[in-house]
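Structure data (TSV, C-alpha atoms) from entry.tsv:
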```tsv
chain	number	residue	atom	x	y	z
A	1	MET	CA	-88.08	32.68	-41.90
A	2	SER	CA	-91.58	31.40	-42.33
A	3	ASP	CA	-92.73	27.98	-41.16
A	4	THR	CA	-95.05	27.77	-44.13
A	5	LEU	CA	-92.04	27.63	-46.45
A	6	LYS	CA	-90.49	24.82	-44.42
A	7	ALA	CA	-93.77	22.88	-44.41
A	8	LEU	CA	-94.17	23.37	-48.15
A	9	VAL	CA	-90.63	22.21	-48.91
A	10	GLN	CA	-91.18	19.10	-46.77
A	11	ALA	CA	-94.50	18.39	-48.47
A	12	CYS	CA	-92.81	18.71	-51.89
A	13	ARG	CA	-90.10	16.30	-50.84
A	14	ALA	CA	-92.68	13.82	-49.59
A	15	GLY	CA	-94.59	14.10	-52.85
A	16	GLU	CA	-97.60	15.61	-51.06
A	17	ALA	CA	-97.36	19.03	-52.68
A	18	ASP	CA	-96.67	20.19	-56.20
A	19	TYR	CA	-93.25	21.72	-56.88
A	20	GLN	CA	-95.13	24.38	-58.79
A	21	ASP	CA	-96.58	25.64	-55.47
A	22	LEU	CA	-93.04	26.40	-54.34
A	23	ILE	CA	-92.38	28.42	-57.48
A	24	ASP	CA	-95.70	30.24	-57.42
A	25	ARG	CA	-94.92	31.57	-53.92
A	26	VAL	CA	-92.36	33.86	-55.56
A	27	PRO	CA	-93.92	36.91	-57.25
A	28	TYR	CA	-91.01	37.36	-59.69
A	29	ALA	CA	-91.21	33.68	-60.74
A	30	ARG	CA	-94.88	34.22	-61.61
A	31	PHE	CA	-93.92	37.45	-63.43
A	32	LEU	CA	-91.62	35.42	-65.72
A	33	GLY	CA	-94.05	32.47	-65.87
A	34	ILE	CA	-91.63	29.79	-64.63
A	35	GLN	CA	-92.84	26.18	-64.55
A	36	VAL	CA	-91.24	22.98	-63.34
A	37	LEU	CA	-91.30	19.39	-64.58
A	38	ALA	CA	-90.41	16.68	-62.06
A	39	GLN	CA	-89.39	13.26	-63.31
A	40	GLY	CA	-88.62	11.22	-60.25
A	41	GLU	CA	-86.07	13.31	-58.41
A	42	GLU	CA	-84.95	15.08	-61.56
A	43	LEU	CA	-86.19	18.64	-61.99
A	44	THR	CA	-86.34	20.49	-65.28
A	45	PHE	CA	-87.34	24.13	-65.09
A	46	ILE	CA	-89.29	25.65	-67.96
A	47	LEU	CA	-89.59	29.26	-69.12
A	48	PRO	CA	-92.52	29.03	-71.53
A	49	ARG	CA	-92.42	31.19	-74.65
A	50	ASN	CA	-93.91	34.50	-73.58
A	51	GLU	CA	-93.78	37.80	-75.43
A	52	ASN	CA	-93.31	39.68	-72.15
A	53	ASN	CA	-89.83	38.13	-71.89
A	54	LEU	CA	-88.66	39.38	-75.29
A	55	GLY	CA	-85.67	41.68	-75.48
A	56	ASN	CA	-84.90	42.14	-79.15
A	57	PRO	CA	-88.19	42.85	-80.92
A	58	THR	CA	-86.98	42.35	-84.48
A	59	LEU	CA	-85.15	38.99	-84.25
A	60	PRO	CA	-87.18	38.19	-82.02
A	61	ALA	CA	-85.00	37.08	-79.10
A	62	LEU	CA	-85.51	36.65	-75.37
A	63	HIS	CA	-84.19	39.32	-73.02
A	64	GLY	CA	-80.90	38.16	-71.49
A	65	GLY	CA	-82.13	39.39	-68.13
A	66	ALA	CA	-85.26	37.24	-68.29
A	67	VAL	CA	-83.18	34.14	-69.03
A	68	ALA	CA	-80.77	35.02	-66.21
A	69	GLY	CA	-83.60	35.60	-63.73
A	70	PHE	CA	-85.15	32.29	-64.76
A	71	MET	CA	-81.87	30.45	-64.15
A	72	GLU	CA	-81.29	32.18	-60.81
A	73	GLN	CA	-84.78	31.27	-59.60
A	74	ALA	CA	-84.33	27.66	-60.80
A	75	ALA	CA	-81.17	27.42	-58.69
A	76	ILE	CA	-82.91	28.90	-55.64
A	77	ILE	CA	-85.73	26.33	-55.80
A	78	PHE	CA	-83.24	23.55	-56.45
A	79	ILE	CA	-81.18	24.42	-53.35
A	80	LEU	CA	-84.27	24.95	-51.16
A	81	LEU	CA	-85.26	21.35	-51.83
A	82	GLN	CA	-81.86	20.13	-50.64
A	83	MET	CA	-81.59	22.19	-47.46
A	84	GLY	CA	-82.12	20.59	-44.06
A	85	GLU	CA	-83.59	23.82	-42.67
A	86	PRO	CA	-85.12	25.42	-45.74
A	87	ARG	CA	-84.87	29.19	-45.93
A	88	VAL	CA	-84.67	31.29	-49.07
A	89	PRO	CA	-81.00	31.33	-50.16
A	90	LYS	CA	-79.53	34.78	-50.82
A	91	THR	CA	-77.67	35.25	-54.10
A	92	ILE	CA	-74.07	36.30	-53.46
A	93	ASP	CA	-73.01	36.40	-57.08
A	94	PHE	CA	-74.31	35.20	-60.42
A	95	THR	CA	-72.17	34.85	-63.53
A	96	ILE	CA	-73.65	34.01	-66.89
A	97	ASP	CA	-72.17	33.17	-70.28
A	98	TYR	CA	-74.39	33.71	-73.30
A	99	LEU	CA	-73.55	31.10	-75.93
A	100	ARG	CA	-76.44	31.38	-78.36
A	101	ALA	CA	-79.34	33.76	-78.88
A	102	GLY	CA	-82.44	32.82	-76.90
A	103	LEU	CA	-85.05	32.36	-79.60
A	104	TYR	CA	-88.73	33.05	-79.10
A	105	GLN	CA	-89.32	29.48	-77.88
A	106	ASP	CA	-89.69	27.54	-74.64
A	107	THR	CA	-86.46	27.50	-72.63
A	108	PHE	CA	-85.40	24.73	-70.25
A	109	ALA	CA	-82.92	24.71	-67.39
A	110	GLU	CA	-81.31	22.19	-65.08
A	111	CYS	CA	-79.13	22.74	-62.03
A	112	ARG	CA	-76.20	20.93	-60.54
A	113	VAL	CA	-75.07	21.69	-57.02
A	114	THR	CA	-71.29	21.57	-57.15
A	115	ARG	CA	-71.00	22.01	-53.41
A	116	LEU	CA	-73.57	22.50	-50.69
A	117	GLY	CA	-71.67	23.76	-47.67
A	118	ARG	CA	-73.04	24.82	-44.31
A	119	ARG	CA	-73.10	28.48	-45.28
A	120	ILE	CA	-72.48	28.65	-49.00
A	121	ALA	CA	-73.77	26.73	-52.00
A	122	ASN	CA	-72.06	26.64	-55.38
A	123	VAL	CA	-74.44	25.88	-58.23
A	124	HIS	CA	-74.05	25.39	-61.95
A	125	ILE	CA	-77.06	26.09	-64.16
A	126	SER	CA	-77.47	25.26	-67.82
A	127	ALA	CA	-80.29	26.43	-70.11
A	128	TRP	CA	-81.22	25.15	-73.55
A	129	GLN	CA	-83.95	25.29	-76.17
A	130	LYS	CA	-83.31	22.67	-78.93
A	131	ASN	CA	-81.52	20.07	-76.86
A	132	ARG	CA	-79.50	20.09	-73.67
A	133	GLU	CA	-76.25	19.38	-75.53
A	134	GLU	CA	-76.54	22.84	-77.13
A	135	PRO	CA	-77.00	25.22	-74.19
A	136	ILE	CA	-77.96	28.82	-74.96
A	137	THR	CA	-76.50	29.97	-71.61
A	138	ILE	CA	-74.54	28.52	-68.73
A	139	ALA	CA	-74.25	30.14	-65.34
A	140	ARG	CA	-72.44	29.72	-62.06
A	141	ALA	CA	-73.71	31.17	-58.82
A	142	HIS	CA	-73.00	31.29	-55.10
A	143	PHE	CA	-75.75	31.48	-52.52
A	144	LEU	CA	-75.64	32.32	-48.84
A	145	LEU	CA	-77.62	29.72	-46.90
A	146	SER	CA	-77.39	30.78	-43.28
A	147	ASP	CA	-78.44	34.09	-41.78
A	148	GLU	CA	-75.51	34.25	-39.39
A	149	ASN	CA	-73.34	37.30	-40.05
A	150	ALA	CA	-75.37	38.03	-43.15
B	1	MET	CA	-81.05	60.59	-74.46
B	2	ASP	CA	-84.16	60.55	-76.63
B	3	VAL	CA	-82.76	57.71	-78.70
B	4	CYS	CA	-82.14	55.73	-75.52
B	5	LYS	CA	-85.64	56.39	-74.21
B	6	ARG	CA	-87.15	55.26	-77.50
B	7	SER	CA	-84.94	52.20	-77.70
B	8	LEU	CA	-85.99	51.14	-74.22
B	9	GLU	CA	-89.63	51.37	-75.26
B	10	THR	CA	-89.03	48.74	-77.95
B	11	VAL	CA	-87.63	46.22	-75.49
B	12	ARG	CA	-90.72	44.54	-74.19
B	13	HIS	CA	-89.24	42.81	-71.16
B	14	SER	CA	-87.59	46.02	-69.95
B	15	ARG	CA	-90.88	47.85	-70.35
B	16	MET	CA	-92.60	45.10	-68.36
B	17	LEU	CA	-90.01	45.58	-65.60
B	18	GLY	CA	-90.75	49.32	-65.61
B	19	LEU	CA	-87.18	50.35	-66.45
B	20	GLU	CA	-86.63	54.07	-67.01
B	21	VAL	CA	-83.69	56.01	-68.47
B	22	LEU	CA	-82.62	58.81	-66.12
B	23	SER	CA	-79.57	59.98	-68.07
B	24	ALA	CA	-77.54	58.91	-71.08
B	25	GLU	CA	-74.17	60.43	-71.97
B	26	GLU	CA	-71.14	59.25	-73.85
B	27	GLU	CA	-69.47	58.52	-70.48
B	28	GLY	CA	-72.29	56.37	-69.20
B	29	VAL	CA	-75.96	55.89	-68.49
B	30	ARG	CA	-78.24	55.82	-65.44
B	31	LEU	CA	-81.34	53.62	-65.34
B	32	ARG	CA	-84.03	53.06	-62.71
B	33	LEU	CA	-85.86	49.87	-61.71
B	34	PRO	CA	-88.96	50.48	-59.57
B	35	TRP	CA	-89.74	48.34	-56.53
B	36	ARG	CA	-92.90	46.47	-57.40
B	37	GLU	CA	-94.72	43.66	-55.63
B	38	ASP	CA	-94.61	41.37	-58.67
B	39	LEU	CA	-90.80	41.68	-58.87
B	40	VAL	CA	-90.23	40.40	-55.34
B	41	GLY	CA	-87.93	37.39	-55.00
B	42	ASN	CA	-88.45	36.56	-51.34
B	43	PRO	CA	-92.10	36.81	-50.29
B	44	ASP	CA	-91.11	36.68	-46.60
B	45	THR	CA	-88.96	39.82	-46.77
B	46	GLY	CA	-90.25	41.69	-49.84
B	47	VAL	CA	-86.76	42.05	-51.30
B	48	LEU	CA	-86.53	42.46	-55.09
B	49	HIS	CA	-85.44	39.38	-57.03
B	50	GLY	CA	-81.78	39.28	-58.08
B	51	GLY	CA	-82.96	38.52	-61.60
B	52	ALA	CA	-84.74	41.88	-61.87
B	53	VAL	CA	-81.57	43.71	-60.78
B	54	PHE	CA	-79.61	41.58	-63.24
B	55	ALA	CA	-81.92	42.57	-66.11
B	56	LEU	CA	-81.53	46.24	-65.08
B	57	MET	CA	-77.72	45.89	-65.23
B	58	ASP	CA	-77.68	44.01	-68.52
B	59	HIS	CA	-79.88	46.61	-70.16
B	60	ALA	CA	-77.88	49.50	-68.69
B	61	GLY	CA	-74.67	47.90	-70.00
B	62	GLY	CA	-76.05	47.53	-73.50
B	63	MET	CA	-77.17	51.15	-73.42
B	64	ALA	CA	-73.75	52.30	-72.18
B	65	ASN	CA	-72.31	50.65	-75.30
B	66	SER	CA	-74.78	52.43	-77.57
B	67	CYS	CA	-73.92	55.79	-75.97
B	68	ARG	CA	-70.20	55.20	-76.33
B	69	LEU	CA	-70.63	54.16	-79.98
B	70	TYR	CA	-73.07	56.95	-80.89
B	71	PRO	CA	-73.61	58.19	-83.58
B	72	ALA	CA	-72.56	54.81	-85.01
B	73	VAL	CA	-75.21	52.16	-84.50
B	74	GLU	CA	-74.20	48.63	-83.57
B	75	ILE	CA	-75.89	45.83	-81.73
B	76	THR	CA	-73.96	44.46	-78.78
B	77	PRO	CA	-75.09	41.05	-77.52
B	78	THR	CA	-73.85	40.16	-74.04
B	79	ILE	CA	-70.93	37.73	-73.89
B	80	ASP	CA	-70.90	37.44	-70.12
B	81	LEU	CA	-72.03	39.33	-67.07
B	82	ARG	CA	-71.18	38.84	-63.43
B	83	ILE	CA	-73.25	40.47	-60.72
B	84	ASP	CA	-72.23	40.68	-57.06
B	85	HIS	CA	-75.02	41.34	-54.59
B	86	LEU	CA	-73.32	43.38	-51.87
B	87	HIS	CA	-76.41	43.75	-49.73
B	88	ALA	CA	-80.14	43.41	-50.16
B	89	PRO	CA	-81.96	46.54	-51.38
B	90	THR	CA	-84.60	47.83	-48.97
B	91	PRO	CA	-88.11	46.67	-49.90
B	92	GLY	CA	-90.17	49.52	-51.31
B	93	LYS	CA	-87.16	51.38	-52.72
B	94	ALA	CA	-86.29	51.68	-56.40
B	95	VAL	CA	-82.84	50.64	-57.60
B	96	ILE	CA	-80.66	52.99	-59.65
B	97	CYS	CA	-77.93	51.61	-61.92
B	98	ASP	CA	-74.99	53.41	-63.52
B	99	ALA	CA	-73.17	51.68	-66.38
B	100	THR	CA	-69.97	52.78	-68.11
B	101	CYS	CA	-68.26	51.32	-71.13
B	102	TYR	CA	-64.63	51.81	-70.03
B	103	ARG	CA	-62.99	50.11	-72.98
B	104	LEU	CA	-64.10	49.80	-76.56
B	105	SER	CA	-61.90	47.40	-78.51
B	106	ALA	CA	-62.30	46.42	-82.15
B	107	HIS	CA	-64.64	43.54	-81.41
B	108	VAL	CA	-65.48	43.66	-77.73
B	109	THR	CA	-66.73	46.23	-75.20
B	110	PHE	CA	-65.98	46.16	-71.46
B	111	VAL	CA	-68.58	47.57	-69.09
B	112	ARG	CA	-68.86	48.14	-65.33
B	113	MET	CA	-72.12	48.66	-63.51
B	114	THR	CA	-72.95	49.90	-60.00
B	115	ALA	CA	-76.40	49.86	-58.42
B	116	TRP	CA	-77.72	51.78	-55.42
B	117	GLU	CA	-80.98	52.28	-53.61
B	118	GLU	CA	-82.75	55.36	-54.90
B	119	GLY	CA	-81.84	58.36	-52.75
B	120	ASP	CA	-78.57	56.75	-51.67
B	121	GLU	CA	-76.56	57.19	-54.88
B	122	GLN	CA	-73.51	58.34	-52.93
B	123	GLY	CA	-73.76	55.53	-50.37
B	124	GLU	CA	-72.98	51.85	-50.35
B	125	PRO	CA	-73.87	50.10	-53.61
B	126	VAL	CA	-76.35	47.22	-53.39
B	127	ALA	CA	-74.73	45.47	-56.33
B	128	THR	CA	-71.87	45.73	-58.79
B	129	GLY	CA	-71.55	44.19	-62.22
B	130	GLN	CA	-68.89	43.50	-64.81
B	131	ALA	CA	-69.65	42.50	-68.37
B	132	THR	CA	-68.30	42.06	-71.87
B	133	TYR	CA	-70.32	42.52	-75.03
B	134	THR	CA	-69.51	41.65	-78.62
B	135	ARG	CA	-69.74	44.36	-81.31
B	136	MET	CA	-71.84	43.64	-84.36
B	137	LYS	CA	-71.69	46.41	-86.91
B	138	LEU	CA	-74.77	47.09	-88.99
B	139	ASP	CA	-74.74	47.82	-92.70
B	140	ARG	CA	-76.80	50.60	-94.27
B	141	SER	CA	-79.94	48.49	-94.40
B	142	GLY	CA	-79.65	47.86	-90.67
B	143	ARG	CA	-78.59	44.25	-91.04
B	144	VAL	CA	-75.61	42.77	-89.24
B	145	ALA	CA	-72.57	43.22	-91.50
B	146	SER	CA	-70.66	40.01	-92.11
```

Please rewrite the model in this file as structure tokens.
Amino acid sequence: MSDTLKALVQACRAGEADYQDLIDRVPYARFLGIQVLAQGEELTFILPRNENNLGNPTLPALHGGAVAGFMEQAAIIFILLQMGEPRVPKTIDFTIDYLRAGLYQDTFAECRVTRLGRRIANVHISAWQKNREEPITIARAHFLLSDENA
Amino acid sequence: MDVCKRSLETVRHSRMLGLEVLSAEEEGVRLRLPWREDLVGNPDTGVLHGGAVFALMDHAGGMANSCRLYPAVEITPTIDLRIDHLHAPTPGKAVICDATCYRLSAHVTFVRMTAWEEGDEQGEPVATGQATYTRMKLDRSGRVAS
């Protein structure tokens, strides 16, 4: 895995690089238009309102796949920043519950690592629009961290 | 088939992903997601992002519902979807997804999805999915019936 990624993650941790640089490395993250807001060590991921992410044209509502991809990418960045030897985690599985329609608005997401093992990470992701107490979707995912036996 | 092709055209995000309907029958649908540089999730390997494959599956599942329900028209928002990534798809290759609605209950549909690399539709799947959708019947004016 590339040394540039490792250097970038370390620079982000040290406050010498913008978290956004880490996101903008990923073509698909740019495709969705993902942004990040860092407040101290707390990260909130943002999927700005963008008509390219619409699914239902008449409501209008966001495409469930765009919201899912946003949450998955948020979790990947979140784990990367916690790894001793940063390498892009591989998604093993991703399970999402849709609780409310994603309106044509900005969407926010936060992650909680339930367990960061040596090989596998278990992450919970929650996304909201109005306020974080009313999530539009919640997701649970497992990521493979090491390349051994992958 | 034509209805499915037209419906896909109205879904902006799916059009942006380059999704394409290959077949649509009552028993199930087959959709294609192209490999494209802007859909890559890992810039070091060139592998497609899991989110793009997820969107492909979600859309295929919704379309499988429509085909099963046809000629009735209902909208079927996703309740939940789980995707398992069995192995990474080869960079440069499109991903093909089959989706089948295997149970249509009064209020809920149950769908399974399987995805392969293009050209390897008989081989090992790259991903499998399992989802439920809720049925919302439309009245004559096309609004959701209460």

What are the residues of chain B that have an atom within 9 Å of an atom of chain A, counting only C-alpha atoms, as a ChimeraX atom specification?
/B:10-16,37-45,48-59,77-88

Would you compute the distance between atom CA of Leu17 of chain B and atom CA of Ile96 of chain B? Give it in Å to one decimal.
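Separating atom CA of Leu17 of chain B from atom CA of Ile96 of chain B is a distance of 13.3 Å.
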
For atom CA of Gly84 of chain A and atom CA of Val36 of chain A, determine how far apart the two atoms are, in Å to one decimal place.
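These two atoms are separated by 21.5 Å.
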
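The space separating atom CA of Ala109 of chain A from atom CA of Trp128 of chain A comes to 6.4 Å.
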
Can you list, as a compact mmCIF listing (two decimals) with C-alpha atoms, in the coordinates of the input, every protein, DNA or RNA residue that comes within 12 Å of Gly117 of chain A when you count all atoms listed in the file, leaving out same-chain residues fewer than 2 positions away?
```
# COMPACT_ATOMS: atom_id res chain seq x y z
CA ILE A 79 -81.18 24.42 -53.35
CA GLN A 82 -81.86 20.13 -50.64
CA MET A 83 -81.59 22.19 -47.46
CA GLY A 84 -82.12 20.59 -44.06
CA VAL A 113 -75.07 21.69 -57.02
CA THR A 114 -71.29 21.57 -57.15
CA ARG A 115 -71.00 22.01 -53.41
CA ARG A 119 -73.10 28.48 -45.28
CA ILE A 120 -72.48 28.65 -49.00
CA ALA A 121 -73.77 26.73 -52.00
CA ASN A 122 -72.06 26.64 -55.38
CA VAL A 123 -74.44 25.88 -58.23
CA HIS A 142 -73.00 31.29 -55.10
CA PHE A 143 -75.75 31.48 -52.52
CA LEU A 144 -75.64 32.32 -48.84
CA LEU A 145 -77.62 29.72 -46.90
CA SER A 146 -77.39 30.78 -43.28
```

Which is closer to Glu121 of chain B than all the others in B:Tyr70, B:Arg32, B:Arg6, B:Thr109, using all atoms listed in the file?
B:Arg32

Exercise on segment 32-36 of chain B, axis-aligned box with 5 Å per side, report centre and edge lengths in Å to one decimal, as JSON:
```
{"center_x": -88.5, "center_y": 49.8, "center_z": -59.6, "size_x": 18.9, "size_y": 16.6, "size_z": 16.2}
```

Where atoms are absent from segment 59-70 of chain A, fill them in so it carries N, CA and C atoms, then output it as a CSV table (one decimal), in the coordinates of the input.
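The resulting file, part-v5.csv, is shown below:
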```csv
chain,number,residue,atom,x,y,z
A,59,LEU,N,-85.7,40.3,-83.9
A,59,LEU,CA,-85.2,39.0,-84.2
A,59,LEU,C,-86.2,37.9,-84.3
A,60,PRO,N,-87.2,37.7,-83.4
A,60,PRO,CA,-87.2,38.2,-82.0
A,60,PRO,C,-86.4,37.3,-81.1
A,61,ALA,N,-85.8,37.9,-80.0
A,61,ALA,CA,-85.0,37.1,-79.1
A,61,ALA,C,-85.4,37.4,-77.7
A,62,LEU,N,-85.2,36.4,-76.8
A,62,LEU,CA,-85.5,36.6,-75.4
A,62,LEU,C,-84.6,37.7,-74.8
A,63,HIS,N,-85.0,38.4,-73.8
A,63,HIS,CA,-84.2,39.3,-73.0
A,63,HIS,C,-83.2,38.5,-72.2
A,64,GLY,N,-81.9,38.9,-72.3
A,64,GLY,CA,-80.9,38.2,-71.5
A,64,GLY,C,-81.2,38.2,-70.0
A,65,GLY,N,-81.8,39.3,-69.5
A,65,GLY,CA,-82.1,39.4,-68.1
A,65,GLY,C,-83.2,38.4,-67.7
A,66,ALA,N,-84.2,38.2,-68.6
A,66,ALA,CA,-85.3,37.2,-68.3
A,66,ALA,C,-84.7,35.8,-68.2
A,67,VAL,N,-83.8,35.5,-69.1
A,67,VAL,CA,-83.2,34.1,-69.0
A,67,VAL,C,-82.3,34.0,-67.8
A,68,ALA,N,-81.6,35.1,-67.4
A,68,ALA,CA,-80.8,35.0,-66.2
A,68,ALA,C,-81.6,34.9,-65.0
A,69,GLY,N,-82.7,35.7,-64.9
A,69,GLY,CA,-83.6,35.6,-63.7
A,69,GLY,C,-84.2,34.2,-63.6
A,70,PHE,N,-84.6,33.6,-64.7
A,70,PHE,CA,-85.2,32.3,-64.8
A,70,PHE,C,-84.2,31.3,-64.2
```
